[in-house]
Each structure stands twice: as structure tokens, then as C-alpha cells.
>>> print(open('data_4.tsv').read())   # TSV, N, CA and C atoms
chain	number	residue	atom	x	y	z
A	1	MET	N	0.82	-1.18	0.00
A	1	MET	CA	0.00	0.00	0.00
A	1	MET	C	0.87	1.26	0.00
A	2	ILE	N	1.94	1.28	0.77
A	2	ILE	CA	2.82	2.44	0.82
A	2	ILE	C	3.52	2.60	-0.53
A	3	ASP	N	3.91	1.49	-1.14
A	3	ASP	CA	4.56	1.53	-2.43
A	3	ASP	C	3.65	2.18	-3.47
A	4	THR	N	2.39	1.84	-3.49
A	4	THR	CA	1.43	2.42	-4.42
A	4	THR	C	1.24	3.90	-4.14
A	5	LEU	N	1.21	4.29	-2.89
A	5	LEU	CA	1.06	5.68	-2.51
A	5	LEU	C	2.27	6.50	-2.96
A	6	MET	N	3.47	5.93	-2.83
A	6	MET	CA	4.68	6.61	-3.27
A	6	MET	C	4.69	6.78	-4.79
A	7	LYS	N	4.23	5.76	-5.52
A	7	LYS	CA	4.17	5.84	-6.97
A	7	LYS	C	3.20	6.93	-7.41
A	8	LYS	N	2.04	7.02	-6.74
A	8	LYS	CA	1.06	8.04	-7.08
A	8	LYS	C	1.60	9.43	-6.81
A	9	SER	N	2.27	9.62	-5.68
A	9	SER	CA	2.79	10.94	-5.36
A	9	SER	C	3.91	11.33	-6.33
A	10	LEU	N	4.73	10.37	-6.72
A	10	LEU	CA	5.78	10.65	-7.70
A	10	LEU	C	5.16	11.02	-9.05
A	11	PHE	N	4.13	10.30	-9.44
A	11	PHE	CA	3.45	10.60	-10.69
A	11	PHE	C	2.84	12.00	-10.66
A	12	LEU	N	2.19	12.36	-9.56
A	12	LEU	CA	1.58	13.68	-9.45
A	12	LEU	C	2.64	14.78	-9.45
A	13	ALA	N	3.77	14.54	-8.82
A	13	ALA	CA	4.85	15.53	-8.80
A	13	ALA	C	5.42	15.73	-10.21
A	14	LEU	N	5.61	14.64	-10.95
A	14	LEU	CA	6.13	14.74	-12.31
A	14	LEU	C	5.12	15.43	-13.22
A	15	ALA	N	3.85	15.15	-13.03
A	15	ALA	CA	2.81	15.80	-13.83
A	15	ALA	C	2.78	17.29	-13.56
A	16	ALA	N	2.95	17.69	-12.31
A	16	ALA	CA	2.97	19.11	-11.97
A	16	ALA	C	4.18	19.80	-12.60
A	17	MET	N	5.32	19.14	-12.62
A	17	MET	CA	6.51	19.71	-13.24
A	17	MET	C	6.31	19.86	-14.74
A	18	ALA	N	5.66	18.88	-15.35
A	18	ALA	CA	5.40	18.95	-16.79
A	18	ALA	C	4.47	20.11	-17.11
A	19	ARG	N	3.46	20.34	-16.27
A	19	ARG	CA	2.55	21.46	-16.49
A	19	ARG	C	3.29	22.78	-16.38
A	20	GLU	N	4.21	22.90	-15.45
A	20	GLU	CA	5.00	24.12	-15.31
A	20	GLU	C	5.85	24.36	-16.55
A	21	GLU	N	6.49	23.31	-17.05
A	21	GLU	CA	7.31	23.44	-18.25
A	21	GLU	C	6.45	23.86	-19.44
A	22	TYR	N	5.27	23.28	-19.58
A	22	TYR	CA	4.38	23.62	-20.68
A	22	TYR	C	3.95	25.09	-20.56
A	23	ALA	N	3.68	25.55	-19.35
A	23	ALA	CA	3.26	26.93	-19.15
A	23	ALA	C	4.37	27.90	-19.54
A	24	THR	N	5.63	27.56	-19.27
A	24	THR	CA	6.71	28.46	-19.63
A	24	THR	C	6.98	28.43	-21.13
A	25	LEU	N	6.78	27.28	-21.77
A	25	LEU	CA	6.98	27.20	-23.21
A	25	LEU	C	5.82	27.81	-23.97
A	26	LYS	N	4.65	27.83	-23.39
A	26	LYS	CA	3.46	28.32	-24.06
A	26	LYS	C	3.59	29.79	-24.44
A	27	GLY	N	4.26	30.57	-23.62
A	27	GLY	CA	4.39	31.99	-23.87
A	27	GLY	C	5.44	32.35	-24.91
A	28	SER	N	6.37	31.46	-25.19
A	28	SER	CA	7.44	31.77	-26.14
A	28	SER	C	7.24	31.00	-27.43
A	29	SER	N	7.86	31.51	-28.49
A	29	SER	CA	7.77	30.87	-29.79
A	29	SER	C	8.79	29.74	-29.86
A	30	THR	N	8.35	28.55	-30.20
A	30	THR	CA	9.27	27.42	-30.29
A	30	THR	C	9.34	26.85	-31.70
A	31	ARG	N	8.70	27.49	-32.67
A	31	ARG	CA	8.71	26.92	-34.02
A	31	ARG	C	10.02	27.26	-34.73
A	32	ILE	N	10.32	26.48	-35.74
A	32	ILE	CA	11.52	26.70	-36.54
A	32	ILE	C	11.15	27.63	-37.68
A	33	HIS	N	11.91	28.69	-37.85
A	33	HIS	CA	11.64	29.65	-38.90
A	33	HIS	C	12.26	29.19	-40.20
A	34	SER	N	11.65	29.56	-41.33
A	34	SER	CA	12.18	29.21	-42.64
A	34	SER	C	13.48	29.95	-42.88
A	35	PRO	N	14.44	29.28	-43.49
A	35	PRO	CA	15.70	29.96	-43.76
A	35	PRO	C	15.53	31.00	-44.87
A	36	ALA	N	16.24	32.08	-44.76
A	36	ALA	CA	16.21	33.12	-45.79
A	36	ALA	C	17.12	32.70	-46.94
A	37	PRO	N	16.69	32.94	-48.16
A	37	PRO	CA	17.55	32.56	-49.29
A	37	PRO	C	18.81	33.42	-49.31
A	38	ALA	N	19.88	32.84	-49.76
A	38	ALA	CA	21.15	33.56	-49.85
A	38	ALA	C	21.05	34.58	-50.96
A	39	THR	N	21.43	35.78	-50.66
A	39	THR	CA	21.41	36.84	-51.67
A	39	THR	C	22.84	37.07	-52.13
A	40	SER	N	23.08	36.77	-53.36
A	40	SER	CA	24.41	36.92	-53.93
A	40	SER	C	24.34	37.98	-55.02
A	41	THR	N	25.23	38.95	-54.99
A	41	THR	CA	25.23	40.00	-56.00
A	41	THR	C	25.80	39.49	-57.31
A	42	SER	N	26.82	38.67	-57.27
A	42	SER	CA	27.38	38.11	-58.49
A	42	SER	C	27.32	36.59	-58.39
A	43	ALA	N	26.78	35.97	-59.43
A	43	ALA	CA	26.67	34.52	-59.44
A	43	ALA	C	27.96	33.92	-60.00
A	44	ALA	N	28.65	33.17	-59.19
A	44	ALA	CA	29.89	32.53	-59.62
A	44	ALA	C	29.58	31.40	-60.58
A	45	ILE	N	30.51	31.15	-61.48
A	45	ILE	CA	30.36	30.08	-62.48
A	45	ILE	C	31.43	29.03	-62.20
A	46	TYR	N	31.02	27.75	-62.21
A	46	TYR	CA	31.93	26.64	-61.92
A	46	TYR	C	31.88	25.63	-63.05
A	47	ASP	N	33.01	24.92	-63.27
A	47	ASP	CA	32.99	23.81	-64.23
A	47	ASP	C	32.57	22.54	-63.49
A	48	MET	N	32.50	21.43	-64.19
A	48	MET	CA	32.01	20.18	-63.60
A	48	MET	C	32.97	19.59	-62.56
A	49	GLN	N	34.22	20.06	-62.53
A	49	GLN	CA	35.17	19.60	-61.51
A	49	GLN	C	35.12	20.48	-60.26
A	50	GLY	N	34.32	21.53	-60.29
A	50	GLY	CA	34.19	22.40	-59.13
A	50	GLY	C	35.13	23.59	-59.13
A	51	ARG	N	35.86	23.78	-60.21
A	51	ARG	CA	36.76	24.93	-60.30
A	51	ARG	C	35.97	26.18	-60.71
A	52	GLN	N	36.28	27.30	-60.08
A	52	GLN	CA	35.57	28.53	-60.41
A	52	GLN	C	36.12	29.12	-61.70
A	53	LEU	N	35.22	29.52	-62.59
A	53	LEU	CA	35.59	30.14	-63.86
A	53	LEU	C	35.38	31.65	-63.75
A	54	HIS	N	36.17	32.41	-64.53
A	54	HIS	CA	36.06	33.86	-64.49
A	54	HIS	C	35.02	34.37	-65.48
A	55	ALA	N	34.69	33.57	-66.50
A	55	ALA	CA	33.70	33.97	-67.51
A	55	ALA	C	32.94	32.73	-67.97
A	56	GLU	N	31.81	32.97	-68.62
A	56	GLU	CA	31.01	31.86	-69.15
A	56	GLU	C	31.80	31.19	-70.28
A	57	PRO	N	31.92	29.85	-70.25
A	57	PRO	CA	32.72	29.17	-71.29
A	57	PRO	C	32.02	29.21	-72.65
A	58	ASP	N	32.85	29.16	-73.73
A	58	ASP	CA	32.29	29.13	-75.08
A	58	ASP	C	31.61	27.79	-75.37
A	59	LYS	N	32.21	26.71	-74.90
A	59	LYS	CA	31.66	25.36	-75.10
A	59	LYS	C	31.71	24.60	-73.79
A	60	GLY	N	30.78	23.68	-73.61
A	60	GLY	CA	30.84	22.79	-72.46
A	60	GLY	C	29.71	23.01	-71.45
A	61	VAL	N	29.84	22.29	-70.36
A	61	VAL	CA	28.84	22.33	-69.30
A	61	VAL	C	29.41	23.15	-68.15
A	62	TYR	N	28.59	24.02	-67.58
A	62	TYR	CA	29.01	24.80	-66.43
A	62	TYR	C	27.84	24.94	-65.45
A	63	ILE	N	28.15	25.35	-64.24
A	63	ILE	CA	27.15	25.47	-63.18
A	63	ILE	C	27.11	26.92	-62.72
A	64	GLN	N	25.90	27.46	-62.65
A	64	GLN	CA	25.71	28.82	-62.16
A	64	GLN	C	24.42	28.86	-61.36
A	65	ASN	N	24.48	29.36	-60.13
A	65	ASN	CA	23.31	29.43	-59.23
A	65	ASN	C	22.70	28.06	-58.97
A	66	GLY	N	23.52	27.02	-58.94
A	66	GLY	CA	23.03	25.69	-58.65
A	66	GLY	C	22.36	24.99	-59.83
A	67	HIS	N	22.41	25.58	-61.01
A	67	HIS	CA	21.80	24.96	-62.19
A	67	HIS	C	22.89	24.67	-63.22
A	68	LYS	N	22.71	23.57	-63.95
A	68	LYS	CA	23.68	23.19	-64.98
A	68	LYS	C	23.24	23.78	-66.31
A	69	TYR	N	24.21	24.33	-67.04
A	69	TYR	CA	23.96	24.91	-68.36
A	69	TYR	C	24.91	24.29	-69.37
A	70	VAL	N	24.48	24.20	-70.62
A	70	VAL	CA	25.31	23.65	-71.70
A	70	VAL	C	25.50	24.72	-72.75
A	71	SER	N	26.75	25.00	-73.09
A	71	SER	CA	27.09	25.93	-74.17
A	71	SER	C	27.54	25.09	-75.36
A	72	LYS	N	26.97	25.36	-76.53
A	72	LYS	CA	27.35	24.61	-77.73
A	72	LYS	C	28.08	25.48	-78.72
>>> encode(input="data_4.tsv", output="C-alpha cells")
Amino acid sequence: MIDTLMKKSLFLALAAMAREEYATLKGSSTRIHSPAPATSTSAAIYDMQGRQLHAEPDKGVYIQNGHKYVSK
């Protein structure tokens, strides 16, 4: 009987602590905000090996702003 009483009191104490935690979290924002897109003034150009190019190539495949382009 004492064991059951101790379990009940422990359960009630933990429940009270959980309610307090919920009350403190309720007032503040806990959501994850969306990331802001990176704003780049100049879009760098890369070849397929990852080397940065200074100008758009006359022929071949290159990457700019995360997209692949083909020059013929």
C-alpha cells in the first residue's frame, strides 16, 4: 500500500513539473523559422570539376546558381 502511494505521489509531482514546463513554453515561440535565401550580387560560375571560372565558357557544361547549363 505504501509503495502504491509513493508511486502516485511521484506521478503527481512529475505531472505538476510537466505542467509548469508547458506553461513556460506556451508563452514563447518554439517553431523553426524558414531559412532566408542567400542573396548573392554576383553569381559565380563553376565547371564540372568544381573549379571557379572567371567567364562563361564558349563550349561545355558549367554550373551557375546551382543549375547546370550547356554551351554549344
>>> closest_residue(input="data_4.tsv", among="A:Ile32, A:Ile63, A:Asp58, A:Ser9", to="A:Ala44", atoms="only N, CA and C atoms")
A:Ile63
>>> residues_near_point(input="data_4.tsv", point="(26.6, 25.7, -78.8)", cutoff="7 Å", atoms="all atoms listed in the file", output="MDAnalysis selection string")
chainID A and resid 58:60 70:72
>>> write_last_selection(input="data_4.tsv", atoms="N, CA and C atoms", output="CSV table (one decimal), in the coordinates of the input")
chain,number,residue,atom,x,y,z
A,58,ASP,N,32.8,29.2,-73.7
A,58,ASP,CA,32.3,29.1,-75.1
A,58,ASP,C,31.6,27.8,-75.4
A,59,LYS,N,32.2,26.7,-74.9
A,59,LYS,CA,31.7,25.4,-75.1
A,59,LYS,C,31.7,24.6,-73.8
A,60,GLY,N,30.8,23.7,-73.6
A,60,GLY,CA,30.8,22.8,-72.5
A,60,GLY,C,29.7,23.0,-71.4
A,70,VAL,N,24.5,24.2,-70.6
A,70,VAL,CA,25.3,23.6,-71.7
A,70,VAL,C,25.5,24.7,-72.8
A,71,SER,N,26.8,25.0,-73.1
A,71,SER,CA,27.1,25.9,-74.2
A,71,SER,C,27.5,25.1,-75.4
A,72,LYS,N,27.0,25.4,-76.5
A,72,LYS,CA,27.4,24.6,-77.7
A,72,LYS,C,28.1,25.5,-78.7
>>> residues_around(input="data_4.tsv", residues="stretch 45-49 of chain A", least_positions_apart="4", cutoff="8 Å", atoms="all atoms listed in the file", output="mmCIF file with N, CA and C atoms, in the frame of the given file")
data_model
loop_
_atom_site.group_PDB
_atom_site.id
_atom_site.type_symbol
_atom_site.label_atom_id
_atom_site.label_comp_id
_atom_site.auth_asym_id
_atom_site.auth_seq_id
_atom_site.Cartn_x
_atom_site.Cartn_y
_atom_site.Cartn_z
ATOM 1 N N LEU A 53 35.220 29.520 -62.590
ATOM 2 C CA LEU A 53 35.590 30.140 -63.860
ATOM 3 C C LEU A 53 35.380 31.650 -63.750
ATOM 4 N N HIS A 54 36.170 32.410 -64.530
ATOM 5 C CA HIS A 54 36.060 33.860 -64.490
ATOM 6 C C HIS A 54 35.020 34.370 -65.480
ATOM 7 N N ALA A 55 34.690 33.570 -66.500
ATOM 8 C CA ALA A 55 33.700 33.970 -67.510
ATOM 9 C C ALA A 55 32.940 32.730 -67.970
ATOM 10 N N GLU A 56 31.810 32.970 -68.620
ATOM 11 C CA GLU A 56 31.010 31.860 -69.150
ATOM 12 C C GLU A 56 31.800 31.190 -70.280
ATOM 13 N N PRO A 57 31.920 29.850 -70.250
ATOM 14 C CA PRO A 57 32.720 29.170 -71.290
ATOM 15 C C PRO A 57 32.020 29.210 -72.650
ATOM 16 N N GLY A 60 30.780 23.680 -73.610
ATOM 17 C CA GLY A 60 30.840 22.790 -72.460
ATOM 18 C C GLY A 60 29.710 23.010 -71.450
ATOM 19 N N VAL A 61 29.840 22.290 -70.360
ATOM 20 C CA VAL A 61 28.840 22.330 -69.300
ATOM 21 C C VAL A 61 29.410 23.150 -68.150
ATOM 22 N N TYR A 62 28.590 24.020 -67.580
ATOM 23 C CA TYR A 62 29.010 24.800 -66.430
ATOM 24 C C TYR A 62 27.840 24.940 -65.450
ATOM 25 N N ILE A 63 28.150 25.350 -64.240
ATOM 26 C CA ILE A 63 27.150 25.470 -63.180
ATOM 27 C C ILE A 63 27.110 26.920 -62.720
ATOM 28 N N GLN A 64 25.900 27.460 -62.650
ATOM 29 C CA GLN A 64 25.710 28.820 -62.160
ATOM 30 C C GLN A 64 24.420 28.860 -61.360
ATOM 31 N N ASN A 65 24.480 29.360 -60.130
ATOM 32 C CA ASN A 65 23.310 29.430 -59.230
ATOM 33 C C ASN A 65 22.700 28.060 -58.970
#
>>> atom_distance(input="data_4.tsv", atom1="atom CA of A:His67", atom2="atom CA of A:Pro37")
15.6 Å
>>> atom_distance(input="data_4.tsv", atom1="atom C of A:Ser34", atom2="atom CA of A:Gly66")
18.9 Å
>>> atom_distance(input="data_4.tsv", atom1="atom N of A:Met17", atom2="atom N of A:His33")
27.8 Å
